[in-house]
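**Q** Handing you a structure now.
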Amino acid sequence: MDRTTGGAPTRPPQGVAGAVLLLGVLLAGAAPLIPLAVLVYRYEPELLPLFAVPLAVLVAAWRIARDRARDQLTDPLTDLPNRQALLLAAQDAIARHDGDEDYSVGIVLLDLDRFRSLNDALGHTAGDRLLVHIARRLHRALRTGHSRTSAVPARTGPDEVAAALPSPLHRGGRPVVARMGGDEFAVLLPGVGRPETLERIAKALIVELAAPIRLDGLLLVLEASAGVCVYPAHARDAESLLRRADVAMGHAQRGRSGVEVYHEAQDTDTPYRIGLLGDLRRALETGEVQLHYQPKVAFDGRVVGLEALLRWERPGQGRVPPDEFIGLAESSGLMPRLTDYVLEAAVGQLAAWREQGLQVPVAVNVSPRDVLNPGFATRVAGHLTRHRVPAHALQLEITERLLLDDSRRAADTLAELRRYGVGMSLDDFGTGHSSMARLRSLPVGELKIDRSFVSRMVADDHDAAVVRCSVELAHSLGLTVVAEGVEDDETWERLHGMGVDAVQGWLVSAALPADQATAWLMVRQTGTARVERLAPQQQPLTPPVPQPRSLPTVSAQAELPAPTTPLPAPTTQQ
């Protein structure tokens, strides 16, 4: 009975106000209040307006929570999903098909090359606008890809990218384009697991990003690098999928290859490589890493020099291939320390040989990162000064890869070393991408033809032609030519006929430890014993071949030019 009507039955309020209020309570997530609202609606309708205040509070709280959750998963600049959202999407895609052996998830990680320089030149506001444009371009290129099943057309642009997405994407879900931060973007492709398909998609995206962009009256052309990773072939969870795609992308940037598919050899963070890096650091501290020396001999028998080669016997593990631990040192930032270790050991050995009357130069390999490191020339001079070794007794071997990096800065460093009197040699010639102009700009006095050409020149006329052209090119530039990997008499004779100046390889001698190299040099100087008796005790898998009968035995003395610039005093920073 209603107290206000004297016992007359309650008449529900007319209109839509009550219904709207109840619906609002329901939509606001306040379902527990609905029974109370119904009772009030039937018996005390004048109290219904009191529900408006808590309802408004609930709606406001719901909106704030919704916006906060959205902000946590959205990049504020481009309005794309952020890294956390992409990670959640990858986890969801993997979880929904857990146990399906035929299902896979691919990810393409993209990074804009040299964007930082562009951002500094144009300003951060223009850089942000450029990133927004890139985000829209990526989203447009992929937004219709989930429904395309046709073959890739012979054109570029968004249609090509979309057509590169195969029909299995229907089963896996829509692609997700995300901004990972800075100038880095990612594309998650559920259901696309073939590395070849992902690589094709990545290349198409790079082509799409390379289309000219007009910004503030400037026509900009962007370049990008991409890393590709696949679940479950390369990673077993979403976190590993993202991290390993980043590893592949970094490898693509360093090698300037555009797109790289993840491979375990690229990853410096595997348990094996982490343990190897730690052991290498300790080996440098304890002196476990040793230098072996391989002679370079002219055709008249003169020893024109020796190359210092690294050897490391890992305790309990055996010999570690040099390419493996040297590459690890370069990718981990340990290379400057390793180079200083080699220079100190090689220059110290030079000093010991000179005290014994063995005036023979030694060559040390250095990486492009060493040469581009500020103060490298001063550090080299410090090693020479400390051991009282003239600069012309040391030779540095560089590779063609240095020509592709900062060639001007490299040329300045090498010119400084040449002024001190340090010799320069261009190693592994023929395996890189050097140009004549850049080759002429480097102050090198020697060119070494890579063993990959020399070892096959007898059986392959094309390799023989490469060797012949390299010899003619080097001599036309006034360079001395050394052939690596000489292992048989016929190769020796053909190189001699082509005018090669010196050879290096098993036919002359294996790389020897310091004490055996000393004995080898003494034998060459006195001619009292055969060289074969001084081979190292641990022979490699390939058996040595006999020494050519035509190789005479003469002094190890070499005519060396005097340095043109005095060495600076050694610095205390080593």
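Scheme for the structure tokens: letters A, B, ... for chains in order shown; per-chain residue numbers from 1; ligand numbers from 1 in order shown.
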Out of segment 471-514 of chain A, which residues get strand (DSSP E) from DSSP, as a list in words?
**A**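 Answer for segment 471-514 of chain A, restricted to strand (DSSP E): Thr480, Val481, Val482, Ala483, Glu484, Ala502, Val503, Gln504, Leu512 and Pro513 of chain A.
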**Q** Which residues come within 7 Å of Glu288 of chain A, counting only C-alpha atoms, excluding same-chain residues fewer than 4 positions away, as a VMD selection string?
**A** chain A and resid 283 to 284 312
**Q** In Å, with one decimal, what is the gap from atom CA of Leu343 of chain A to atom CA of Met424 of chain A?
**A**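 One can read the atom CA of Leu343 of chain A to atom CA of Met424 of chain A distance as 14.5 Å.
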**Q** Could you name the residues that touch Glu260 of chain A at 6 Å or less, counting only C-alpha atoms, but leaving out those on the same chain fewer than 2 positions away, as a list in words?
**A**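 Near Glu260 of chain A, the qualifying residues are Gly227, Ala248 and Ala252 of chain A.
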**Q** Fewer than 5 positions away in the same chain doesn't count, so skip those; otherwise give me all residues within 7 Å of segment 106-115 of chain A, counting only C-alpha atoms, as JSON, numbers by chain.
**A** {"A": [183, 184, 185, 186, 187, 188, 189, 190, 192, 193, 198, 202, 223, 224, 225, 226, 227, 228, 229, 230, 231, 245, 246, 249]}
**Q** Any chance you can output those residues with N, CA and C atoms as a PDB file, in the first residue's frame?
**A**
ATOM      1  N   ASP A 183      61.686   4.776 -33.543  1.00  0.00           N
ATOM      2  CA  ASP A 183      61.401   4.592 -34.971  1.00  0.00           C
ATOM      3  C   ASP A 183      61.247   3.110 -35.313  1.00  0.00           C
ATOM      4  N   GLU A 184      60.782   2.339 -34.344  1.00  0.00           N
ATOM      5  CA  GLU A 184      60.671   0.888 -34.501  1.00  0.00           C
ATOM      6  C   GLU A 184      59.201   0.469 -34.527  1.00  0.00           C
ATOM      7  N   PHE A 185      58.846  -0.321 -35.548  1.00  0.00           N
ATOM      8  CA  PHE A 185      57.486  -0.814 -35.707  1.00  0.00           C
ATOM      9  C   PHE A 185      57.524  -2.334 -35.827  1.00  0.00           C
ATOM     10  N   ALA A 186      56.358  -2.951 -35.587  1.00  0.00           N
ATOM     11  CA  ALA A 186      56.277  -4.406 -35.679  1.00  0.00           C
ATOM     12  C   ALA A 186      54.960  -4.796 -36.318  1.00  0.00           C
ATOM     13  N   VAL A 187      54.991  -5.923 -37.024  1.00  0.00           N
ATOM     14  CA  VAL A 187      53.788  -6.489 -37.634  1.00  0.00           C
ATOM     15  C   VAL A 187      53.678  -7.930 -37.166  1.00  0.00           C
ATOM     16  N   LEU A 188      52.585  -8.243 -36.452  1.00  0.00           N
ATOM     17  CA  LEU A 188      52.308  -9.605 -35.998  1.00  0.00           C
ATOM     18  C   LEU A 188      51.365 -10.261 -36.994  1.00  0.00           C
ATOM     19  N   LEU A 189      51.736 -11.443 -37.470  1.00  0.00           N
ATOM     20  CA  LEU A 189      50.967 -12.138 -38.496  1.00  0.00           C
ATOM     21  C   LEU A 189      50.585 -13.526 -37.998  1.00  0.00           C
ATOM     22  N   PRO A 190      49.455 -13.645 -37.307  1.00  0.00           N
ATOM     23  CA  PRO A 190      49.022 -14.970 -36.856  1.00  0.00           C
ATOM     24  C   PRO A 190      48.673 -15.857 -38.038  1.00  0.00           C
ATOM     25  N   VAL A 192      50.752 -17.091 -40.193  1.00  0.00           N
ATOM     26  CA  VAL A 192      51.770 -17.027 -41.247  1.00  0.00           C
ATOM     27  C   VAL A 192      53.081 -17.506 -40.645  1.00  0.00           C
ATOM     28  N   GLY A 193      53.534 -18.686 -41.028  1.00  0.00           N
ATOM     29  CA  GLY A 193      54.702 -19.251 -40.371  1.00  0.00           C
ATOM     30  C   GLY A 193      55.855 -19.615 -41.268  1.00  0.00           C
ATOM     31  N   LEU A 198      57.213 -14.718 -44.834  1.00  0.00           N
ATOM     32  CA  LEU A 198      57.466 -13.544 -43.992  1.00  0.00           C
ATOM     33  C   LEU A 198      58.556 -12.660 -44.573  1.00  0.00           C
ATOM     34  N   ALA A 202      58.139  -8.832 -45.531  1.00  0.00           N
ATOM     35  CA  ALA A 202      59.037  -7.806 -44.989  1.00  0.00           C
ATOM     36  C   ALA A 202      59.647  -6.969 -46.112  1.00  0.00           C
ATOM     37  N   GLU A 223      64.690   4.555 -45.660  1.00  0.00           N
ATOM     38  CA  GLU A 223      65.135   3.172 -45.768  1.00  0.00           C
ATOM     39  C   GLU A 223      64.881   2.484 -44.433  1.00  0.00           C
ATOM     40  N   ALA A 224      64.671   1.176 -44.488  1.00  0.00           N
ATOM     41  CA  ALA A 224      64.364   0.431 -43.275  1.00  0.00           C
ATOM     42  C   ALA A 224      65.061  -0.923 -43.303  1.00  0.00           C
ATOM     43  N   SER A 225      65.243  -1.484 -42.121  1.00  0.00           N
ATOM     44  CA  SER A 225      65.770  -2.838 -41.963  1.00  0.00           C
ATOM     45  C   SER A 225      64.732  -3.649 -41.200  1.00  0.00           C
ATOM     46  N   ALA A 226      64.675  -4.949 -41.498  1.00  0.00           N
ATOM     47  CA  ALA A 226      63.642  -5.793 -40.907  1.00  0.00           C
ATOM     48  C   ALA A 226      64.231  -7.101 -40.419  1.00  0.00           C
ATOM     49  N   GLY A 227      63.700  -7.557 -39.285  1.00  0.00           N
ATOM     50  CA  GLY A 227      64.037  -8.873 -38.758  1.00  0.00           C
ATOM     51  C   GLY A 227      62.796  -9.736 -38.709  1.00  0.00           C
ATOM     52  N   VAL A 228      62.933 -11.008 -39.075  1.00  0.00           N
ATOM     53  CA  VAL A 228      61.809 -11.937 -39.170  1.00  0.00           C
ATOM     54  C   VAL A 228      62.027 -13.078 -38.194  1.00  0.00           C
ATOM     55  N   CYS A 229      60.977 -13.432 -37.444  1.00  0.00           N
ATOM     56  CA  CYS A 229      61.051 -14.548 -36.513  1.00  0.00           C
ATOM     57  C   CYS A 229      59.707 -15.284 -36.523  1.00  0.00           C
ATOM     58  N   VAL A 230      59.747 -16.607 -36.310  1.00  0.00           N
ATOM     59  CA  VAL A 230      58.565 -17.451 -36.436  1.00  0.00           C
ATOM     60  C   VAL A 230      58.407 -18.315 -35.194  1.00  0.00           C
ATOM     61  N   TYR A 231      57.165 -18.384 -34.687  1.00  0.00           N
ATOM     62  CA  TYR A 231      56.808 -19.357 -33.659  1.00  0.00           C
ATOM     63  C   TYR A 231      56.168 -20.567 -34.342  1.00  0.00           C
ATOM     64  N   ALA A 245      63.293 -11.609 -32.950  1.00  0.00           N
ATOM     65  CA  ALA A 245      63.062 -10.750 -34.116  1.00  0.00           C
ATOM     66  C   ALA A 245      63.938  -9.507 -34.039  1.00  0.00           C
ATOM     67  N   ASP A 246      64.134  -8.985 -32.834  1.00  0.00           N
ATOM     68  CA  ASP A 246      65.014  -7.830 -32.640  1.00  0.00           C
ATOM     69  C   ASP A 246      66.466  -8.198 -32.946  1.00  0.00           C
ATOM     70  N   MET A 249      66.757  -8.245 -36.680  1.00  0.00           N
ATOM     71  CA  MET A 249      66.741  -6.891 -37.221  1.00  0.00           C
ATOM     72  C   MET A 249      68.094  -6.201 -37.023  1.00  0.00           C
TER      73      MET A 249
END
**Q** Just the residues within 10 Å of Leu396 of chain A, please, counting only C-alpha atoms, with nothing from its chain fewer than 3 positions along; format it as JSON, numbers by chain.
**A** {"A": [307, 343, 362, 363, 364, 365, 366, 367, 380, 414, 417, 422, 423, 424, 425, 426, 427, 444]}
**Q** What would the file look like if the residues just selected were written as a JSON list (two decimals), in the first residue's frame with C-alpha atoms?
**A**
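Okay, this is what ended up in again-v3.json:
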[["chain", "number", "residue", "atom", "x", "y", "z"],
["A", 307, "GLU", "CA", 100.64, -13.01, -39.75],
["A", 343, "LEU", "CA", 98.70, -5.91, -30.27],
["A", 362, "VAL", "CA", 104.36, -9.08, -38.12],
["A", 363, "ALA", "CA", 100.82, -8.44, -39.38],
["A", 364, "VAL", "CA", 97.84, -8.14, -37.02],
["A", 365, "ASN", "CA", 94.19, -8.28, -38.13],
["A", 366, "VAL", "CA", 91.99, -5.41, -36.94],
["A", 367, "SER", "CA", 88.24, -4.99, -37.35],
["A", 380, "VAL", "CA", 98.86, 1.34, -31.46],
["A", 414, "LEU", "CA", 94.84, 4.88, -41.35],
["A", 417, "LEU", "CA", 99.06, 5.27, -38.65],
["A", 422, "VAL", "CA", 102.84, 1.39, -39.59],
["A", 423, "GLY", "CA", 102.24, -0.76, -42.68],
["A", 424, "MET", "CA", 98.75, -1.44, -44.05],
["A", 425, "SER", "CA", 97.38, -4.47, -45.87],
["A", 426, "LEU", "CA", 93.94, -5.03, -47.41],
["A", 427, "ASP", "CA", 92.91, -8.56, -46.38],
["A", 444, "VAL", "CA", 97.47, 0.46, -47.99]]
**Q** Just the residues within 10 Å of segment 133-138 of chain A, please, counting only C-alpha atoms, with nothing from its chain fewer than 4 positions along; format it as a ChimeraX atom specification.
**A** /A:77-80,112,127-129,142-143,157-158,161,177-179,183,185-187,205-206,208-209,211,213,215,222
**Q** If you run DSSP on this backbone, which residues of segment 211-242 of chain A come out as helix (DSSP H, G or I), and could you give them as a list of chain:residue names?
**A**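 Result set for segment 211-242 of chain A (helix (DSSP H, G or I)): A:Ala238, A:Glu239, A:Ser240, A:Leu241, A:Leu242.
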**Q** Which residue gives the smallest distance to Val289 of chain A among A:Val221, A:Ile326, A:Leu477, A:Cys469, with only C-alpha atoms counted?
**A**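 Counting only C-alpha atoms, the residue closest to Val289 of chain A is A:Ile326.
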**Q** What separation in Å, quoted to one decimal, exists between atom CA of Val347 of chain A and atom CA of Asp323 of chain A?
**A** 22.5 Å
**Q** Nearest to Thr125 of chain A: which of A:His139, A:Ala393, A:Arg200, A:Asp216 is it, counting only C-alpha atoms?
**A** A:Asp216
